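Participant: Structure file run-v8.cif, mmCIF, C-alpha atoms and all ligand atoms, is pasted below:
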data_model
loop_
_atom_site.label_atom_id
_atom_site.label_comp_id
_atom_site.auth_asym_id
_atom_site.auth_seq_id
_atom_site.Cartn_x
_atom_site.Cartn_y
_atom_site.Cartn_z
CA ALA A 1 23.90 1.74 15.61
CA CYS A 2 25.90 1.66 18.81
CA SER A 3 24.53 4.97 20.09
CA SER A 4 20.95 4.13 19.12
CA TYR A 5 21.49 0.77 20.79
CA ARG A 6 22.60 2.49 24.02
CA LEU A 7 19.69 4.95 23.74
CA ARG A 8 17.25 2.11 23.12
CA ASP A 9 18.73 0.48 26.20
CA ALA A 10 18.02 3.44 28.41
CA LEU A 11 14.45 3.79 27.10
CA HIS A 12 13.30 0.22 27.14
CA PRO A 13 11.29 -0.59 30.30
CA LEU A 14 11.24 -4.37 29.93
CA TRP A 15 14.97 -4.75 30.47
CA GLN A 16 15.33 -2.01 33.11
CA SER A 17 15.17 -4.86 35.61
CA PRO A 18 18.36 -5.23 37.67
CA LEU A 19 21.33 -4.74 35.33
CA SER A 20 23.00 -7.46 37.36
CA ILE A 21 21.86 -9.34 40.44
CA PRO A 22 23.33 -7.96 43.68
CA GLY A 23 26.73 -9.67 44.16
CA GLY A 24 26.62 -11.06 40.63
CA THR A 25 30.18 -11.65 39.39
CA ARG A 26 29.45 -13.72 36.26
CA GLN A 27 26.41 -12.17 34.56
CA SER A 28 25.40 -12.50 30.90
CA PRO A 29 25.31 -11.31 28.17
CA ILE A 30 28.72 -9.70 27.55
CA ASN A 31 30.56 -8.03 24.70
CA ILE A 32 33.14 -10.51 23.35
CA GLN A 33 36.30 -8.52 22.55
CA TRP A 34 37.93 -10.76 19.92
CA ARG A 35 41.47 -9.49 20.62
CA ASP A 36 41.11 -10.07 24.41
CA SER A 37 39.90 -13.67 24.03
CA ILE A 38 42.54 -16.32 24.76
CA TYR A 39 43.06 -19.23 22.34
CA ASP A 40 42.94 -22.43 24.44
CA PRO A 41 44.53 -25.36 22.54
CA PHE A 42 43.10 -27.79 25.12
CA LEU A 43 39.50 -26.92 24.15
CA LYS A 44 37.97 -29.92 22.36
CA PRO A 45 35.59 -29.78 19.41
CA LEU A 46 31.98 -29.57 20.55
CA LYS A 47 30.17 -32.87 19.91
CA ILE A 48 26.45 -32.43 19.16
CA SER A 49 24.06 -35.37 18.74
CA TYR A 50 20.36 -34.55 18.67
CA ASP A 51 17.50 -37.01 18.07
CA PRO A 52 14.85 -35.05 16.12
CA THR A 53 12.05 -37.19 17.58
CA THR A 54 12.77 -35.79 21.09
CA CYS A 55 11.12 -32.54 19.94
CA LEU A 56 7.84 -31.95 21.83
CA HIS A 57 6.19 -28.55 21.23
CA ILE A 58 6.58 -24.82 20.65
CA TRP A 59 5.43 -22.55 23.51
CA ASN A 60 5.06 -18.78 23.83
CA ASN A 61 6.08 -18.15 27.45
CA GLY A 62 5.61 -14.38 27.29
CA TYR A 63 9.38 -13.72 26.96
CA SER A 64 10.22 -15.64 23.78
CA PHE A 65 9.02 -18.76 21.98
CA LEU A 66 10.58 -21.96 23.30
CA VAL A 67 10.94 -25.26 21.42
CA GLU A 68 11.01 -27.87 24.17
CA PHE A 69 12.47 -31.37 24.10
CA ASP A 70 11.96 -34.65 25.95
CA ASP A 71 14.95 -34.67 28.31
CA SER A 72 13.97 -37.82 30.25
CA ALA A 73 16.94 -39.72 28.73
CA ASP A 74 20.31 -39.05 27.04
CA ARG A 75 18.85 -38.86 23.52
CA SER A 76 19.71 -35.27 22.52
CA VAL A 77 23.04 -34.35 24.07
CA ILE A 78 26.20 -32.30 23.69
CA THR A 79 29.66 -33.09 25.07
CA GLY A 80 33.28 -32.05 24.54
CA GLY A 81 34.12 -28.40 23.94
CA PRO A 82 34.74 -26.81 27.38
CA LEU A 83 32.38 -29.29 29.05
CA GLU A 84 33.46 -31.91 31.61
CA ASN A 85 30.19 -33.82 31.37
CA GLN A 86 27.49 -34.61 28.82
CA TYR A 87 24.57 -32.14 28.85
CA ARG A 88 20.99 -32.86 27.76
CA LEU A 89 19.03 -30.55 25.42
CA LYS A 90 16.05 -29.02 27.25
CA GLN A 91 14.83 -26.21 24.96
CA PHE A 92 15.90 -23.59 22.49
CA HIS A 93 14.61 -20.04 22.03
CA PHE A 94 15.60 -16.73 20.45
CA HIS A 95 16.12 -13.05 21.33
CA TRP A 96 15.51 -10.35 18.70
CA GLY A 97 14.97 -6.62 18.11
CA ALA A 98 12.14 -4.45 16.76
CA ILE A 99 14.43 -3.62 13.82
CA ASN A 100 17.47 -5.27 12.24
CA GLU A 101 19.86 -2.77 13.91
CA TRP A 102 19.79 -4.67 17.18
CA GLY A 103 18.40 -7.84 18.80
CA SER A 104 21.22 -10.13 19.91
CA GLU A 105 22.21 -10.44 23.58
CA HIS A 106 25.95 -11.03 23.13
CA THR A 107 27.96 -8.73 20.87
CA VAL A 108 31.32 -9.29 19.14
CA ASP A 109 33.63 -6.27 19.23
CA SER A 110 30.42 -4.29 19.95
CA LYS A 111 28.78 -5.59 16.77
CA VAL A 112 25.10 -6.29 17.41
CA TYR A 113 23.23 -8.93 15.36
CA PRO A 114 19.47 -8.78 14.64
CA ALA A 115 18.82 -11.94 16.66
CA GLU A 116 20.45 -14.71 18.73
CA LEU A 117 19.53 -18.39 19.21
CA HIS A 118 20.08 -20.11 22.57
CA LEU A 119 20.13 -23.91 22.85
CA VAL A 120 19.78 -24.74 26.56
CA HIS A 121 21.29 -27.97 27.95
CA TRP A 122 21.60 -29.27 31.53
CA ASN A 123 24.10 -31.48 33.36
CA ALA A 124 22.06 -34.63 33.98
CA VAL A 125 25.24 -36.57 34.85
CA VAL A 126 25.72 -34.62 38.10
CA TYR A 127 22.21 -33.24 38.89
CA PRO A 128 18.98 -35.28 39.25
CA THR A 129 16.69 -32.56 37.86
CA PHE A 130 16.86 -29.58 35.51
CA GLU A 131 15.57 -27.34 38.33
CA GLU A 132 18.57 -28.25 40.49
CA ALA A 133 21.02 -27.84 37.60
CA VAL A 134 19.70 -24.28 37.02
CA MET A 135 21.04 -23.35 40.48
CA GLU A 136 24.57 -24.82 40.10
CA GLY A 137 27.72 -23.28 38.63
CA ASN A 138 28.23 -26.15 36.16
CA GLY A 139 24.54 -26.92 35.78
CA LEU A 140 23.79 -25.50 32.33
CA ALA A 141 25.48 -25.20 28.94
CA VAL A 142 23.95 -22.81 26.40
CA ILE A 143 25.06 -22.69 22.76
CA GLY A 144 24.59 -19.19 21.34
CA VAL A 145 24.24 -18.72 17.58
CA PHE A 146 24.00 -15.26 15.97
CA LEU A 147 21.42 -14.65 13.23
CA LYS A 148 22.31 -12.22 10.44
CA LEU A 149 20.15 -10.87 7.61
CA GLY A 150 20.80 -12.77 4.39
CA GLU A 151 19.61 -15.88 2.59
CA HIS A 152 16.37 -17.66 3.40
CA HIS A 153 16.96 -20.40 6.01
CA GLU A 154 15.10 -23.60 5.05
CA GLY A 155 15.38 -25.24 8.48
CA LEU A 156 14.17 -22.14 10.33
CA GLN A 157 11.16 -21.87 8.00
CA MET A 158 9.61 -24.99 9.61
CA LEU A 159 9.60 -23.05 12.91
CA VAL A 160 8.42 -19.80 11.30
CA ASP A 161 5.42 -21.57 9.74
CA ALA A 162 4.29 -22.66 13.21
CA LEU A 163 4.61 -19.23 14.88
CA PRO A 164 1.10 -17.90 14.06
CA ALA A 165 -0.25 -20.74 16.23
CA VAL A 166 1.67 -19.41 19.27
CA LYS A 167 1.03 -15.68 18.68
CA HIS A 168 -0.22 -15.10 22.24
CA LYS A 169 1.46 -15.70 25.59
CA ASP A 170 0.81 -19.17 27.06
CA THR A 171 -0.19 -20.74 23.76
CA VAL A 172 1.47 -24.00 22.68
CA ILE A 173 1.51 -26.12 19.55
CA GLU A 174 2.70 -29.69 19.10
CA PHE A 175 5.94 -29.86 17.12
CA ASP A 176 7.05 -33.40 16.92
CA VAL A 177 10.05 -33.76 14.61
CA PHE A 178 12.75 -31.12 14.35
CA ASP A 179 16.55 -31.38 14.33
CA PRO A 180 17.97 -28.16 15.83
CA SER A 181 21.47 -28.97 14.52
CA CYS A 182 20.25 -27.47 11.22
CA LEU A 183 20.36 -24.11 13.05
CA ILE A 184 24.01 -24.50 14.13
CA PRO A 185 26.80 -23.39 11.72
CA SER A 186 29.08 -26.20 10.55
CA CYS A 187 32.16 -24.07 11.32
CA PRO A 188 33.48 -25.51 14.61
CA ASP A 189 34.88 -22.19 15.96
CA TYR A 190 33.43 -20.84 19.23
CA TRP A 191 34.15 -18.63 22.23
CA THR A 192 33.37 -19.88 25.75
CA TYR A 193 33.04 -18.18 29.15
CA ALA A 194 31.34 -18.64 32.54
CA GLY A 195 28.06 -16.70 32.74
CA SER A 196 24.41 -16.67 33.75
CA LEU A 197 20.84 -16.94 32.56
CA THR A 198 19.94 -13.68 30.80
CA THR A 199 16.37 -13.71 32.11
CA PRO A 200 15.11 -14.20 35.68
CA PRO A 201 16.22 -16.04 37.81
CA LEU A 202 19.56 -14.82 36.26
CA THR A 203 21.36 -17.64 38.08
CA GLU A 204 25.14 -17.96 37.46
CA SER A 205 24.92 -21.52 36.21
CA VAL A 206 25.73 -21.26 32.49
CA THR A 207 28.80 -22.33 30.54
CA TRP A 208 28.31 -20.21 27.41
CA ILE A 209 29.46 -21.56 24.05
CA ILE A 210 29.09 -18.78 21.46
CA LYS A 211 29.55 -19.85 17.82
CA LYS A 212 31.84 -17.52 15.88
CA LYS A 213 29.91 -17.86 12.58
CA PRO A 214 26.32 -16.59 12.33
CA ILE A 215 23.53 -18.31 10.41
CA GLU A 216 21.71 -16.36 7.68
CA VAL A 217 17.95 -15.77 7.75
CA ASP A 218 15.84 -13.51 5.52
CA GLU A 219 13.78 -10.40 6.38
CA ASN A 220 10.44 -12.26 6.28
CA GLN A 221 11.74 -14.78 8.81
CA LEU A 222 12.86 -12.05 11.22
CA GLU A 223 9.52 -10.26 10.72
CA ALA A 224 7.72 -13.48 11.66
CA PHE A 225 9.43 -13.35 15.09
CA ARG A 226 8.20 -9.76 15.50
CA MET A 227 4.54 -10.62 14.95
CA LEU A 228 4.51 -12.68 18.15
CA LEU A 229 3.00 -11.03 21.23
CA PHE A 230 4.17 -10.66 24.84
CA THR A 231 0.47 -10.48 25.76
CA SER A 232 -2.24 -13.09 26.20
CA ASP A 233 -5.30 -13.35 23.99
CA GLY A 234 -7.81 -10.62 24.94
CA GLU A 235 -5.17 -8.29 26.46
CA GLU A 236 -4.02 -5.10 24.73
CA GLU A 237 -1.51 -6.35 22.13
CA LYS A 238 2.20 -5.78 22.81
CA ARG A 239 4.50 -7.03 20.03
CA MET A 240 7.20 -9.42 21.24
CA VAL A 241 10.35 -7.46 20.28
CA ASP A 242 13.54 -6.30 22.04
CA ASN A 243 13.42 -9.30 24.39
CA PHE A 244 17.12 -9.14 25.19
CA ARG A 245 19.07 -8.09 28.27
CA PRO A 246 21.59 -5.21 28.28
CA LEU A 247 25.31 -6.06 28.28
CA GLN A 248 26.77 -6.96 31.67
CA PRO A 249 30.28 -6.18 33.04
CA LEU A 250 32.96 -8.78 32.24
CA MET A 251 34.45 -8.38 35.75
CA ASN A 252 37.16 -10.93 36.52
CA ARG A 253 36.49 -13.27 33.57
CA THR A 254 38.40 -14.51 30.53
CA VAL A 255 36.76 -15.46 27.27
CA ARG A 256 38.50 -18.41 25.64
CA SER A 257 38.44 -19.19 21.91
CA SER A 258 38.63 -22.63 20.30
CA PHE A 259 40.44 -21.10 17.30
CA GLN A 260 43.52 -18.98 16.64
C1 LIG A 301 13.48 -23.96 36.93
O1 LIG A 301 13.66 -23.22 35.76
C2 LIG A 301 14.06 -21.91 36.05
C3 LIG A 301 14.06 -21.17 34.76
C4 LIG A 301 15.17 -21.69 33.85
N1 LIG A 301 15.03 -21.15 32.53
C5 LIG A 301 14.34 -19.98 32.35
C6 LIG A 301 14.95 -18.95 31.67
N2 LIG A 301 14.41 -17.71 31.74
C7 LIG A 301 16.12 -19.19 30.84
C8 LIG A 301 16.88 -18.20 30.16
C9 LIG A 301 17.93 -18.70 29.47
S1 LIG A 301 19.09 -17.88 28.52
N3 LIG A 301 18.42 -16.64 27.80
O2 LIG A 301 20.10 -17.40 29.42
O3 LIG A 301 19.54 -18.85 27.55
S2 LIG A 301 17.96 -20.41 29.65
C10 LIG A 301 16.59 -20.45 30.67
S3 LIG A 301 15.91 -21.78 31.37
O4 LIG A 301 16.98 -22.55 31.88
O5 LIG A 301 15.02 -22.49 30.51
ZN ZN A 302 18.18 -16.83 25.85
#
Translate the structure described by the file into structure tokens.
Facilitator:
Amino acid sequence: ACSSYRLRDALHPLWQSPLSIPGGTRQSPINIQWRDSIYDPFLKPLKISYDPTTCLHIWNNGYSFLVEFDDSADRSVITGGPLENQYRLKQFHFHWGAINEWGSEHTVDSKVYPAELHLVHWNAVVYPTFEEAVMEGNGLAVIGVFLKLGEHHEGLQMLVDALPAVKHKDTVIEFDVFDPSCLIPSCPDYWTYAGSLTTPPLTESVTWIIKKKPIEVDENQLEAFRMLLFTSDGEEEKRMVDNFRPLQPLMNRTVRSSFQ
């Protein structure tokens, strides 16, 4: 899988864009080498409190499908973990492959998962707007959750059932009650490191919190992701697959673990 993954990398046009921004020293995603990560006993448990009624809509933005939240108040927030402030949930989205052999952005000891969930939060304590937070080193906190092929996921199925309505780029559907904590493993273990957005503008503003345990989803649910399109209605159809960025150099960074 590794070699085909590297080969796929070289062939895929979409992600040929700059492997890292000029001068980038903290780019994402990275390979997490379990044995090189440092257990930090001072890392707190991550505290997640989401209000399901803050859910607004699902939107195909031509890269992925985003589930967006009302972030006008501190109603869906995370705190603790490696974070010094409380961060507000803005949106979550996924990255996946054309086949189950690849799809995730981060890897663990070079193991690739078929998909990866990103829950994007911003530091509304320090920054007045999300747009400003995106440009600041401590502006964003993204929880990464790996998806592996296995049992049917009840919570995810609510999302999957709505996907046909956002098949084309720039389509949106109202989605008014959803609790994304059903997509986060109950095991508290995570890795954390300083990184970046994995899609343009690739800004180095993300504290990554990568959950050690994956969630299980079934083949039909992964296939539902793959029937989405990068293209707008009326354009020549291009299936939305392989929407992940190649691995970036670790450079002078340490990955910390919340567990021994
Ligand atoms: C003013 O907004 C600028 C754009 C900001 N965003 C756009 C992304 N492509 C993006 C990618 C993200 S990822 N894949 O690193 O989680 S989070 C995120 S985002 O924070 O929602
Ligand atoms: Zn992402």
Participant: Skipping near chain neighbours, those fewer than 6 positions away, what residues fall within 7 Å of Gly80 of chain A using all atoms listed in the file, listed as a list of chain:residue names?
Facilitator: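 Residues near the query, excluding close chain neighbours: A:Lys44, A:Pro45, A:Leu46, A:Lys47.
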Participant: Return as a PyMOL selection string the residues of protein, DNA or RNA that approach ligand LIG 301 (chain A) to within 9 Å, with all atoms listed in the file taken into account.
Facilitator: chain A and resi 28-29+63+66+90-95+105+117-122+130-135+140-144+195-203+206+208+244-245
Participant: If we count all atoms listed in the file and set the cut-off at 9 Å, which residues sit around Pro114 of chain A, ignoring sequence neighbours fewer than 2 positions away in its own chain? Please answer as a count of residues only.
Facilitator: 17
Participant: In Å, how far is it from atom CA of Ile32 of chain A to atom CA of Ile209 of chain A?
Facilitator: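 A separation of 11.7 Å between them.
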Participant: Please measure the separation of atom CA of Asn61 of chain A and atom CA of Phe178 of chain A, giving the value in Å to one decimal.
Facilitator: 19.6 Å
Participant: Which of these, A:Val241, A:Ile38, A:Leu228, A:Ile215, has the shortest distance to Cys187 of chain A once you count all atoms listed in the file?
Facilitator: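 Counting all atoms listed in the file, the residue closest to Cys187 of chain A is A:Ile215.
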Participant: Rounded to one decimal in Å, what is the spacing between atom CA of Arg256 of chain A and atom CA of Ala194 of chain A?
Facilitator: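 These two atoms are separated by 9.9 Å.
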Participant: Find the residues near Asp40 of chain A: any atom within 12 Å, counting all atoms listed in the file, skip ones fewer than 6 places away on the same chain, and give them as a list in words.
Facilitator: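 Skipping anything fewer than 6 positions along the chain leaves Gly81, Pro82, Asp189, Tyr190, Trp191, Thr192, Tyr193, Thr254, Val255, Arg256, Ser257, Ser258, Phe259 and Gln260 of chain A.
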